[in-house]
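**Student:** Provided herewith: start_38.txt, compact mmCIF, C-alpha atoms and all ligand atoms.
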# COMPACT_ATOMS: atom_id res chain seq x y z
CA MET A 1 0.00 0.00 0.00
CA ASN A 2 1.29 3.51 -0.81
CA SER A 3 2.16 5.84 2.07
CA ALA A 4 0.44 9.25 2.11
CA ILE A 5 2.76 12.12 1.12
CA SER A 6 0.44 14.74 2.65
CA GLN A 7 1.36 13.57 6.15
CA ARG A 8 5.05 14.25 5.60
CA THR A 9 7.17 17.35 6.00
CA LEU A 10 9.99 18.35 3.66
CA LEU A 11 12.62 20.78 4.95
CA GLN A 12 14.45 22.62 2.16
CA PRO A 13 17.76 24.08 3.32
CA ARG A 14 19.46 26.69 1.13
CA SER A 15 23.00 25.79 2.12
CA LEU A 16 25.00 22.99 3.69
CA THR A 17 25.27 25.07 6.88
CA ASP A 18 21.46 25.37 6.99
CA ALA A 19 21.10 21.64 6.37
CA LEU A 20 23.47 20.74 9.21
CA SER A 21 21.69 23.14 11.61
CA MET A 22 18.34 21.58 10.70
CA LEU A 23 19.73 18.10 11.34
CA ARG A 24 20.96 19.26 14.76
CA ASP A 25 17.95 21.37 15.81
CA GLU A 26 14.92 19.89 14.08
CA GLY A 27 15.62 16.18 14.27
CA PRO A 28 14.78 13.50 13.71
CA VAL A 29 14.85 14.28 9.99
CA VAL A 30 15.86 11.89 7.21
CA PRO A 31 18.16 13.16 4.46
CA LEU A 32 16.70 12.84 0.99
CA ALA A 33 18.94 13.07 -2.11
CA GLY A 34 17.76 11.62 -5.45
CA CYS A 35 14.96 9.75 -3.62
CA THR A 36 15.33 6.62 -5.78
CA ASP A 37 15.66 4.33 -2.74
CA LEU A 38 13.35 6.28 -0.44
CA TYR A 39 10.60 6.42 -3.05
CA VAL A 40 10.54 2.62 -3.29
CA SER A 41 9.85 2.39 0.48
CA LEU A 42 7.25 5.17 0.19
CA ASN A 43 5.54 3.28 -2.60
CA PHE A 44 5.57 -0.01 -0.65
CA GLY A 45 4.15 1.73 2.42
CA THR A 46 7.18 0.79 4.52
CA LEU A 47 8.56 4.33 4.96
CA LYS A 48 7.70 5.20 8.56
CA ASP A 49 9.65 8.47 8.78
CA THR A 50 7.65 11.66 8.48
CA ARG A 51 10.24 14.47 8.30
CA PHE A 52 12.74 14.78 5.47
CA LEU A 53 15.64 17.05 4.60
CA ASP A 54 15.86 17.76 0.89
CA LEU A 55 19.53 17.88 -0.16
CA TRP A 56 18.93 18.03 -3.91
CA ARG A 57 19.51 21.80 -4.29
CA LEU A 58 22.82 21.85 -2.43
CA ARG A 59 24.93 22.30 -5.53
CA ARG A 60 28.18 22.40 -3.59
CA LEU A 61 27.70 18.71 -2.79
CA ARG A 62 27.69 17.83 -6.52
CA THR A 63 31.28 18.82 -7.15
CA ILE A 64 33.74 16.30 -8.59
CA GLU A 65 37.26 17.68 -8.23
CA MET A 66 40.86 16.99 -7.23
CA ARG A 67 41.86 18.00 -3.69
CA GLY A 68 45.61 17.62 -3.67
CA ASP A 69 46.23 14.11 -4.91
CA ARG A 70 42.77 12.87 -3.86
CA LEU A 71 39.73 12.64 -6.09
CA SER A 72 36.77 14.17 -4.24
CA LEU A 73 33.29 13.05 -5.25
CA GLY A 74 30.50 15.22 -3.82
CA ALA A 75 27.83 13.04 -2.19
CA LEU A 76 25.17 14.41 -4.54
CA ALA A 77 27.08 13.50 -7.71
CA THR A 78 24.68 11.43 -9.79
CA TYR A 79 25.63 8.35 -11.79
CA THR A 80 25.24 10.37 -14.99
CA GLU A 81 27.69 12.96 -13.65
CA LEU A 82 30.14 10.23 -12.63
CA ILE A 83 29.92 8.58 -16.06
CA ARG A 84 30.52 11.91 -17.82
CA SER A 85 33.32 13.12 -15.59
CA PRO A 86 36.74 13.01 -17.32
CA LEU A 87 38.36 12.94 -13.85
CA VAL A 88 36.41 9.84 -12.81
CA ARG A 89 37.02 8.12 -16.14
CA ARG A 90 40.75 8.77 -15.89
CA ARG A 91 41.39 8.19 -12.18
CA LEU A 92 38.69 5.69 -11.24
CA PRO A 93 37.45 3.94 -14.39
CA MET A 94 35.97 1.10 -12.31
CA LEU A 95 33.53 3.62 -10.80
CA ALA A 96 32.47 4.87 -14.23
CA ALA A 97 31.95 1.20 -15.22
CA ALA A 98 29.82 0.58 -12.12
CA ALA A 99 27.76 3.74 -12.66
CA ARG A 100 26.98 2.70 -16.25
CA GLU A 101 25.38 -0.52 -14.97
CA ILE A 102 23.20 1.03 -12.30
CA GLY A 103 19.47 1.07 -13.05
CA GLY A 104 18.35 2.77 -16.25
CA VAL A 105 18.91 6.33 -17.46
CA GLN A 106 16.24 7.75 -15.13
CA ILE A 107 17.92 6.21 -12.08
CA GLN A 108 21.35 7.31 -13.32
CA ASN A 109 20.04 10.90 -13.59
CA ARG A 110 18.65 10.96 -10.03
CA GLY A 111 20.54 8.36 -8.01
CA THR A 112 23.54 9.71 -6.12
CA ILE A 113 26.73 8.11 -4.89
CA GLY A 114 26.08 9.44 -1.37
CA GLY A 115 22.65 7.81 -1.43
CA ASN A 116 24.12 4.48 -2.53
CA VAL A 117 26.66 4.59 0.32
CA ALA A 118 24.17 5.81 2.97
CA ASN A 119 21.53 3.30 1.93
CA ALA A 120 24.04 0.62 2.95
CA SER A 121 22.65 -2.25 0.90
CA PRO A 122 25.20 -5.08 0.58
CA ALA A 123 24.21 -5.14 -3.10
CA GLY A 124 24.99 -1.44 -3.70
CA ASP A 125 27.08 -1.45 -6.85
CA THR A 126 29.46 1.40 -6.04
CA LEU A 127 30.42 -0.07 -2.67
CA PRO A 128 33.00 -2.66 -3.84
CA VAL A 129 34.61 0.03 -5.99
CA LEU A 130 34.94 2.40 -3.04
CA ALA A 131 36.28 -0.43 -0.86
CA ALA A 132 38.86 -1.45 -3.47
CA ALA A 133 39.87 2.19 -3.97
CA ASP A 134 40.56 2.66 -0.23
CA ALA A 135 38.10 5.56 -0.22
CA SER A 136 37.25 7.68 2.82
CA VAL A 137 33.75 8.83 3.70
CA VAL A 138 33.61 12.53 4.59
CA LEU A 139 30.93 13.11 7.24
CA ALA A 140 29.82 16.59 8.32
CA SER A 141 27.68 17.75 11.23
CA ALA A 142 27.11 21.18 12.79
CA ALA A 143 29.96 20.26 15.16
CA GLY A 144 32.55 19.61 12.43
CA THR A 145 33.84 17.22 9.79
CA ARG A 146 35.41 13.78 10.12
CA ARG A 147 36.81 11.23 7.68
CA VAL A 148 36.14 7.51 8.08
CA PRO A 149 37.95 4.84 6.03
CA PHE A 150 35.34 3.26 3.78
CA THR A 151 36.27 -0.21 5.03
CA ALA A 152 35.38 0.89 8.59
CA PHE A 153 32.16 2.69 7.63
CA TYR A 154 29.76 -0.27 7.83
CA THR A 155 29.24 -2.06 11.14
CA GLY A 156 26.69 -4.68 10.07
CA TYR A 157 23.77 -5.31 7.75
CA ARG A 158 22.52 -1.84 6.72
CA GLN A 159 24.34 -0.30 9.69
CA SER A 160 27.05 2.33 9.56
CA VAL A 161 28.98 4.65 11.85
CA ARG A 162 27.08 7.70 10.47
CA ARG A 163 25.30 9.53 13.29
CA PRO A 164 21.77 10.89 12.72
CA ASP A 165 23.09 14.47 12.86
CA GLU A 166 25.66 13.78 10.12
CA LEU A 167 25.50 13.99 6.36
CA ILE A 168 27.81 12.25 3.94
CA VAL A 169 29.25 15.21 2.08
CA ALA A 170 31.88 13.50 -0.09
CA LEU A 171 33.86 10.38 -0.88
CA GLU A 172 37.61 10.89 -1.19
CA ILE A 173 39.81 8.58 -3.22
CA PRO A 174 43.62 8.46 -2.97
CA PRO A 175 45.61 7.60 -6.11
CA VAL A 176 44.91 4.01 -7.18
CA ARG A 177 47.90 2.24 -8.74
CA GLY A 178 47.22 -0.78 -10.92
CA GLN A 179 44.71 -2.13 -13.39
CA GLN A 180 41.11 -1.54 -12.24
CA SER A 181 38.22 -3.86 -13.08
CA PHE A 182 34.54 -4.02 -12.17
CA ARG A 183 31.87 -6.59 -12.89
CA LYS A 184 28.32 -6.94 -11.70
CA VAL A 185 26.61 -10.29 -12.17
CA GLY A 186 22.82 -10.34 -12.01
CA THR A 187 19.95 -12.18 -13.60
CA ARG A 188 20.34 -9.89 -16.60
CA ALA A 189 22.65 -7.03 -17.55
CA ALA A 190 20.34 -4.11 -16.69
CA GLN A 191 17.84 -3.31 -13.94
CA ALA A 192 18.67 -6.34 -11.81
CA ILE A 193 19.88 -6.55 -8.23
CA SER A 194 23.36 -8.05 -8.15
CA LYS A 195 24.12 -11.64 -7.22
CA VAL A 196 27.84 -10.89 -7.03
CA VAL A 197 29.77 -7.65 -7.56
CA LEU A 198 33.55 -7.66 -7.80
CA ALA A 199 35.98 -4.77 -8.03
CA THR A 200 39.71 -5.43 -8.27
CA VAL A 201 42.96 -3.55 -8.58
CA VAL A 202 45.75 -5.65 -10.02
CA GLY A 203 49.20 -4.23 -9.23
CA ASP A 204 51.90 -4.33 -6.57
CA GLU A 205 49.22 -4.12 -3.87
CA PRO A 206 46.37 -6.27 -5.19
CA ARG A 207 42.90 -5.35 -3.95
CA VAL A 208 39.78 -7.49 -4.15
CA ALA A 209 36.39 -6.20 -2.94
CA LEU A 210 33.04 -7.93 -3.19
CA GLY A 211 29.38 -7.05 -2.81
CA SER A 212 26.35 -9.31 -2.30
CA VAL A 213 28.40 -12.06 -0.63
CA ALA A 214 28.11 -10.89 3.02
CA PRO A 215 25.98 -8.55 5.17
CA THR A 216 28.29 -5.69 4.18
CA VAL A 217 30.72 -5.06 1.35
CA VAL A 218 33.98 -6.94 2.04
CA ARG A 219 37.66 -6.74 1.16
CA ALA A 220 39.12 -10.23 0.60
CA ARG A 221 42.28 -9.58 2.62
CA ARG A 222 43.58 -13.15 2.65
CA THR A 223 43.19 -13.40 -1.12
CA GLU A 224 44.96 -10.06 -1.54
CA ALA A 225 47.82 -11.25 0.69
CA ALA A 226 48.13 -14.50 -1.29
CA LEU A 227 48.32 -12.62 -4.58
CA ALA A 228 50.84 -10.13 -3.17
CA ALA A 229 53.01 -13.05 -1.97
CA GLY A 230 53.09 -14.51 -5.49
CA ALA A 231 50.51 -17.31 -5.17
CA SER A 232 49.23 -18.72 -8.46
CA ILE A 233 45.83 -17.49 -9.57
CA GLU A 234 44.44 -20.98 -8.91
CA GLU A 235 45.68 -20.83 -5.31
CA ALA A 236 44.24 -17.33 -4.94
CA GLN A 237 40.88 -18.51 -6.31
CA GLN A 238 40.78 -21.26 -3.68
CA THR A 239 41.66 -18.77 -0.96
CA LEU A 240 38.80 -16.55 -2.13
CA ILE A 241 36.35 -19.47 -2.15
CA ASP A 242 37.38 -20.33 1.44
CA GLU A 243 37.42 -16.70 2.56
CA ILE A 244 33.95 -15.53 1.59
CA ALA A 245 30.77 -16.81 3.22
CA PRO A 246 27.86 -15.92 0.94
CA ILE A 247 24.32 -17.11 1.65
CA ASP A 248 21.64 -18.88 -0.36
CA ASP A 249 18.78 -16.47 -1.01
CA LEU A 250 16.06 -15.68 -3.54
CA ARG A 251 18.55 -14.29 -6.03
CA SER A 252 21.23 -17.00 -5.96
CA THR A 253 22.97 -19.81 -4.11
CA ALA A 254 26.10 -19.55 -2.00
CA GLU A 255 27.86 -22.05 -4.25
CA TYR A 256 27.09 -20.02 -7.41
CA ARG A 257 28.32 -16.82 -5.76
CA ARG A 258 31.59 -18.46 -4.70
CA ARG A 259 32.21 -19.91 -8.15
CA VAL A 260 31.40 -16.66 -9.98
CA ALA A 261 33.61 -14.62 -7.64
CA ALA A 262 36.53 -17.01 -8.25
CA ASN A 263 35.97 -16.99 -12.02
CA LEU A 264 35.90 -13.19 -12.12
CA LEU A 265 39.07 -13.00 -10.06
CA ALA A 266 40.89 -15.16 -12.61
CA LEU A 267 39.39 -13.20 -15.51
CA PHE A 268 40.61 -9.87 -14.14
CA TRP A 269 43.99 -11.19 -12.98
CA ASN A 270 44.81 -12.92 -16.26
CA GLY A 271 43.41 -10.00 -18.27
CA ALA A 272 45.63 -7.51 -16.45
CA ALA A 273 48.68 -9.76 -16.95
CA ARG A 274 48.13 -9.72 -20.74
CA ARG A 275 48.00 -5.90 -20.95
C1 LIG A 301 14.49 0.96 -10.55
C2 LIG A 301 15.71 1.03 -9.66
C3 LIG A 301 16.90 0.48 -10.09
C4 LIG A 301 18.02 0.53 -9.25
N1 LIG A 301 19.17 -0.06 -9.70
C5 LIG A 301 20.26 -0.06 -8.88
C6 LIG A 301 21.46 -0.72 -9.30
O1 LIG A 301 21.56 -1.28 -10.39
N2 LIG A 301 22.52 -0.71 -8.44
C7 LIG A 301 22.46 -0.08 -7.22
O2 LIG A 301 23.47 -0.10 -6.49
N3 LIG A 301 21.35 0.56 -6.81
C8 LIG A 301 20.25 0.58 -7.60
N4 LIG A 301 19.09 1.20 -7.18
C9 LIG A 301 19.07 1.84 -5.85
C10 LIG A 301 19.30 3.39 -5.84
O3 LIG A 301 19.02 3.97 -7.08
C11 LIG A 301 20.73 3.74 -5.44
O4 LIG A 301 21.04 3.17 -4.17
C12 LIG A 301 20.97 5.28 -5.38
O5 LIG A 301 22.33 5.55 -5.42
C13 LIG A 301 20.36 5.94 -4.17
O6 LIG A 301 20.66 7.32 -4.23
P1 LIG A 301 19.56 8.44 -3.97
O7 LIG A 301 20.24 9.75 -4.08
O8 LIG A 301 18.37 8.25 -4.83
O9 LIG A 301 19.21 8.11 -2.44
P2 LIG A 301 17.86 8.43 -1.62
O10 LIG A 301 16.77 7.52 -2.01
O11 LIG A 301 17.57 9.91 -1.63
O12 LIG A 301 18.38 8.04 -0.15
C14 LIG A 301 18.76 6.72 0.15
C15 LIG A 301 19.21 6.64 1.63
O13 LIG A 301 20.40 7.36 1.82
C16 LIG A 301 20.22 8.44 2.75
N5 LIG A 301 21.02 9.55 2.19
C17 LIG A 301 21.01 9.99 0.90
N6 LIG A 301 21.96 10.91 0.72
C18 LIG A 301 22.58 11.08 1.93
C19 LIG A 301 23.67 11.89 2.38
N7 LIG A 301 24.33 12.73 1.57
N8 LIG A 301 24.05 11.79 3.68
C20 LIG A 301 23.41 10.92 4.52
N9 LIG A 301 22.39 10.13 4.15
C21 LIG A 301 21.97 10.21 2.87
C22 LIG A 301 18.72 8.67 2.81
O14 LIG A 301 18.33 9.20 4.07
C23 LIG A 301 18.20 7.26 2.59
O15 LIG A 301 18.25 6.54 3.79
C24 LIG A 301 17.95 1.18 -7.99
C25 LIG A 301 16.74 1.76 -7.57
C26 LIG A 301 15.62 1.71 -8.39
C27 LIG A 301 14.34 2.36 -7.92
Could you rewrite the structure in this file as structure tokens?

**Tutor:**
Amino acid sequence: MNSAISQRTLLQPRSLTDALSMLRDEGPVVPLAGCTDLYVSLNFGTLKDTRFLDLWRLRRLRTIEMRGDRLSLGALATYTELIRSPLVRRRLPMLAAAAREIGGVQIQNRGTIGGNVANASPAGDTLPVLAAADASVVLASAAGTRRVPFTAFYTGYRQSVRRPDELIVALEIPPVRGQQSFRKVGTRAAQAISKVVLATVVGDEPRVALGSVAPTVVRARRTEAALAAGASIEEAQQTLIDEIAPIDDLRSTAEYRRRVAANLLALFWNGAARR
């Protein structure tokens, strides 16, 4: 059953400072960016919250720029903006690849990277990319700003260290050295929730991050260590199979997820070796 919109309040701050004051003084209020996730809950009648903070007009949070040697992605950057950004395509091509596979054009025009991160679904497609890139989450409140390593941001299924008075304002990415790859495996190529998502960096410090195989996005640290120590790709595949603990659910089986993850690892590793 749909939820009634008339019973809800939308606060519309004019600046980030206003937004942070509203979060502090007028809580509890739920941030609302592109609304592509929130609208689904509204439509299903499961959205219990009544007060929302509309971030969409805060243009400053859309900026994609270099800050020193770090790529800074404003939380409100949409998938379309990420796909079109020469900086993203050059410095973080695996993110452009992920953004291209998210939803359809309408979702790409509205959905934001901050919303994907805050929504905290283990199937969020940008999450393995951010984990593999060693990103930091920039959180702001009226009291100040803090940076949290992306790999420490989630504490459990759909749980994160973000406090209710904080907004995600940006994701920061240090230089990534090595060959980047991304692959999402779902029932079909477009408009499907992922069964397995893998993002890798093949180089001196191999990085392997997976989505949809655990309650949160994971880095496969043992597999990375095996690859760094010179293990064969077959040995690394076995380590990965042993290391991850996916579940059987409506979308897939644990066995399928393990096998696909191992196959993708070999595909990316061997592909990078041939370049
Ligand atoms: C048809 C359809 C297809 C989809 N396909 C995909 C897909 O292929 N892959 C995928 O990963 N996702 C997909 N999604 C999910 C969704 O589009 C993404 O998760 C999107 O990035 C959410 O961003 P948003 O700006 O719309 O978030 P919103 O819906 O506005 O918000 C989502 C959550 O994040 C919080 N939030 C938003 N911004 C901030 C912020 N700056 N700070 C703190 N909290 C914040 C909100 O309070 C809310 O809890 C799909 C959704 C639909 C409806």

**Student:** Show me which residues sit within 8 Å of ligand LIG 301 (chain A) when counting all atoms listed in the file, and put them as a ChimeraX atom specification.

**Tutor:** /A:30-40,55,75-76,78-79,101-104,107-108,110-121,123-127,139,162,166-170,190-194

**Student:** Please report the interatomic distance between CA of Met66 (chain A) and CA of Met94 (chain A) in Å with one decimal.

**Tutor:**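 Separating CA of Met66 (chain A) from CA of Met94 (chain A) is a distance of 17.4 Å.
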
**Student:** Could you tell me which of A:Leu92, A:Arg51, A:Thr17, A:Arg62 comes closest to Thr80 (chain A) if we count all atoms listed in the file?

**Tutor:**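 Of all the options, A:Arg62 lies closest to Thr80 (chain A).
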
**Student:** Excluding Pro13 (chain A) and its own-chain neighbours fewer than 2 positions away, which residues fall within 12 Å of it when counting all atoms listed in the file? Please give them as number ranges by chain.

**Tutor:** A: 10-11, 15-23, 26, 31-32, 52-59

**Student:** Grab all the atoms of region 166-177 of chain A that the file lists, wrap them in a box along x, y and z, add 3 Å per side, and give me centre plus edge lengths in Å (one decimal) as lines of an AutoDock Vina configuration file.

**Tutor:**
center_x = 36.7
center_y = 8.7
center_z = 0.7
size_x = 28.4
size_y = 19.0
size_z = 24.9

**Student:** Which residues, written as number ranges by chain, have at least one atom at most 9 Å from Arg91 (chain A), with all atoms listed in the file counted and residues fewer than 2 positions away on the same chain left out?

**Tutor:** A: 71, 86-89, 93-94, 175-176

**Student:** Can I get the selected residues back with C-alpha atoms, as a tab-separated table (two decimals), keeping the file's coordinate frame?

**Tutor:**
chain	number	residue	atom	x	y	z
A	71	LEU	CA	39.73	12.64	-6.09
A	86	PRO	CA	36.74	13.01	-17.32
A	87	LEU	CA	38.36	12.94	-13.85
A	88	VAL	CA	36.41	9.84	-12.81
A	89	ARG	CA	37.02	8.12	-16.14
A	93	PRO	CA	37.45	3.94	-14.39
A	94	MET	CA	35.97	1.10	-12.31
A	175	PRO	CA	45.61	7.60	-6.11
A	176	VAL	CA	44.91	4.01	-7.18

**Student:** Select, from A:Ala98, A:Leu250, A:Ala272, A:Leu42, the residue with the minimum atom-to-atom distance to Pro206 (chain A), counting only C-alpha atoms.

**Tutor:** A:Ala272

**Student:** Between A:Arg146, A:Glu81, A:Pro164, A:Tyr256, which is the closest to Val29 (chain A) once you count all atoms listed in the file?

**Tutor:** A:Pro164

**Student:** Would you pick out the contacts of Thr50 (chain A) at 10 Å or less, using all atoms listed in the file, so that residues sharing its chain but fewer than 5 positions from it are not included, and give the list as a list of chain:residue names?

**Tutor:**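 Contacts, with the query itself left out: A:Ala4, A:Ile5, A:Ser6, A:Gln7, A:Arg8, A:Thr9, A:Leu10, A:Pro28, A:Val29, A:Val30.
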
**Student:** Quick one: distance from CA of Glu234 (chain A) to CA of Ala266 (chain A) in Å, one decimal?

**Tutor:**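 CA of Ala266 (chain A) lies 7.8 Å from CA of Glu234 (chain A).
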
**Student:** How many Å separate CA of Gln180 (chain A) from CA of Val105 (chain A)?

**Tutor:**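 Calculated distance between CA of Gln180 (chain A) and CA of Val105 (chain A) is 24.1 Å.
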
**Student:** Pick out the closest residue to Ala142 (chain A) from this set: A:Ala199, A:Thr216, A:Asp25, A:Ala273. Count all atoms listed in the file.

**Tutor:** A:Asp25

**Student:** Given all atoms listed in the file as the basis, pick out the residue of A:Ala140, A:Ile244, A:Val161, A:Ala133 nearest to Val196 (chain A).

**Tutor:** A:Ile244

**Student:** When you count only C-alpha atoms, which of these residues is closest to Arg219 (chain A): A:Pro122, A:Gly45, A:Gly27, A:Pro128?

**Tutor:**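 Using only C-alpha atoms, the shortest distance to Arg219 (chain A) belongs to A:Pro128.
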
**Student:** Residues near Val201 (chain A), anyone? I mean within 7 Å using only C-alpha atoms, not counting same-chain ones fewer than 4 positions away, as a VMD selection string.

**Tutor:** chain A and resid 132 178 to 181 206 to 208

**Student:** May I have the protein, DNA and RNA residues with an atom at most 9 Å from (23.1, -9.7, -7.3), counting all atoms listed in the file in the file's coordinates, returned as a PyMOL selection string?

**Tutor:** chain A and resi 123+184-187+192-197+211-213+251-252+257

**Student:** Could those selected residues go to a file with C-alpha atoms, as a PDB file, in the frame of the given file?

**Tutor:**
ATOM      1  CA  ALA A 123      24.210  -5.140  -3.100  1.00  0.00           C
ATOM      2  CA  LYS A 184      28.320  -6.940 -11.700  1.00  0.00           C
ATOM      3  CA  VAL A 185      26.610 -10.290 -12.170  1.00  0.00           C
ATOM      4  CA  GLY A 186      22.820 -10.340 -12.010  1.00  0.00           C
ATOM      5  CA  THR A 187      19.950 -12.180 -13.600  1.00  0.00           C
ATOM      6  CA  ALA A 192      18.670  -6.340 -11.810  1.00  0.00           C
ATOM      7  CA  ILE A 193      19.880  -6.550  -8.230  1.00  0.00           C
ATOM      8  CA  SER A 194      23.360  -8.050  -8.150  1.00  0.00           C
ATOM      9  CA  LYS A 195      24.120 -11.640  -7.220  1.00  0.00           C
ATOM     10  CA  VAL A 196      27.840 -10.890  -7.030  1.00  0.00           C
ATOM     11  CA  VAL A 197      29.770  -7.650  -7.560  1.00  0.00           C
ATOM     12  CA  GLY A 211      29.380  -7.050  -2.810  1.00  0.00           C
ATOM     13  CA  SER A 212      26.350  -9.310  -2.300  1.00  0.00           C
ATOM     14  CA  VAL A 213      28.400 -12.060  -0.630  1.00  0.00           C
ATOM     15  CA  ARG A 251      18.550 -14.290  -6.030  1.00  0.00           C
ATOM     16  CA  SER A 252      21.230 -17.000  -5.960  1.00  0.00           C
ATOM     17  CA  ARG A 257      28.320 -16.820  -5.760  1.00  0.00           C
TER      18      ARG A 257
END

**Student:** Place N, CA and C atoms on region 128-147 of chain A and deliver the coordinates as a compact mmCIF listing (two decimals), in the frame of the given file.

**Tutor:**
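Just written: selection.txt:
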# COMPACT_ATOMS: atom_id res chain seq x y z
N PRO A 128 31.72 -1.95 -3.64
CA PRO A 128 33.00 -2.66 -3.84
C PRO A 128 34.07 -1.78 -4.49
N VAL A 129 33.64 -0.87 -5.35
CA VAL A 129 34.61 0.03 -5.99
C VAL A 129 35.26 0.92 -4.93
N LEU A 130 34.41 1.49 -4.06
CA LEU A 130 34.94 2.40 -3.04
C LEU A 130 35.83 1.64 -2.05
N ALA A 131 35.45 0.38 -1.76
CA ALA A 131 36.28 -0.43 -0.86
C ALA A 131 37.63 -0.73 -1.51
N ALA A 132 37.61 -1.12 -2.78
CA ALA A 132 38.86 -1.45 -3.47
C ALA A 132 39.74 -0.22 -3.67
N ALA A 133 39.11 0.95 -3.74
CA ALA A 133 39.87 2.19 -3.97
C ALA A 133 40.41 2.78 -2.67
N ASP A 134 40.15 2.12 -1.53
CA ASP A 134 40.56 2.66 -0.23
C ASP A 134 40.01 4.08 -0.01
N ALA A 135 38.74 4.25 -0.36
CA ALA A 135 38.10 5.56 -0.22
C ALA A 135 37.92 5.92 1.25
N SER A 136 37.69 7.22 1.49
CA SER A 136 37.25 7.68 2.82
C SER A 136 35.88 8.32 2.66
N VAL A 137 35.06 8.17 3.68
CA VAL A 137 33.75 8.83 3.70
C VAL A 137 33.91 10.12 4.49
N VAL A 138 33.53 11.25 3.88
CA VAL A 138 33.61 12.53 4.59
C VAL A 138 32.24 12.83 5.18
N LEU A 139 32.19 12.90 6.52
CA LEU A 139 30.93 13.11 7.24
C LEU A 139 30.97 14.50 7.87
N ALA A 140 29.87 15.25 7.71
CA ALA A 140 29.82 16.59 8.32
C ALA A 140 28.61 16.70 9.23
N SER A 141 28.79 17.40 10.34
CA SER A 141 27.68 17.75 11.23
C SER A 141 27.89 19.22 11.61
N ALA A 142 26.94 19.78 12.36
CA ALA A 142 27.11 21.18 12.79
C ALA A 142 28.36 21.31 13.66
N ALA A 143 28.80 20.21 14.26
CA ALA A 143 29.96 20.26 15.16
C ALA A 143 31.29 20.14 14.41
N GLY A 144 31.28 19.74 13.15
CA GLY A 144 32.55 19.61 12.43
C GLY A 144 32.52 18.48 11.41
N THR A 145 33.72 18.20 10.86
CA THR A 145 33.84 17.22 9.79
C THR A 145 34.77 16.10 10.24
N ARG A 146 34.46 14.87 9.85
CA ARG A 146 35.41 13.78 10.12
C ARG A 146 35.48 12.87 8.89
N ARG A 147 36.59 12.17 8.79
CA ARG A 147 36.81 11.23 7.68
C ARG A 147 36.90 9.82 8.23
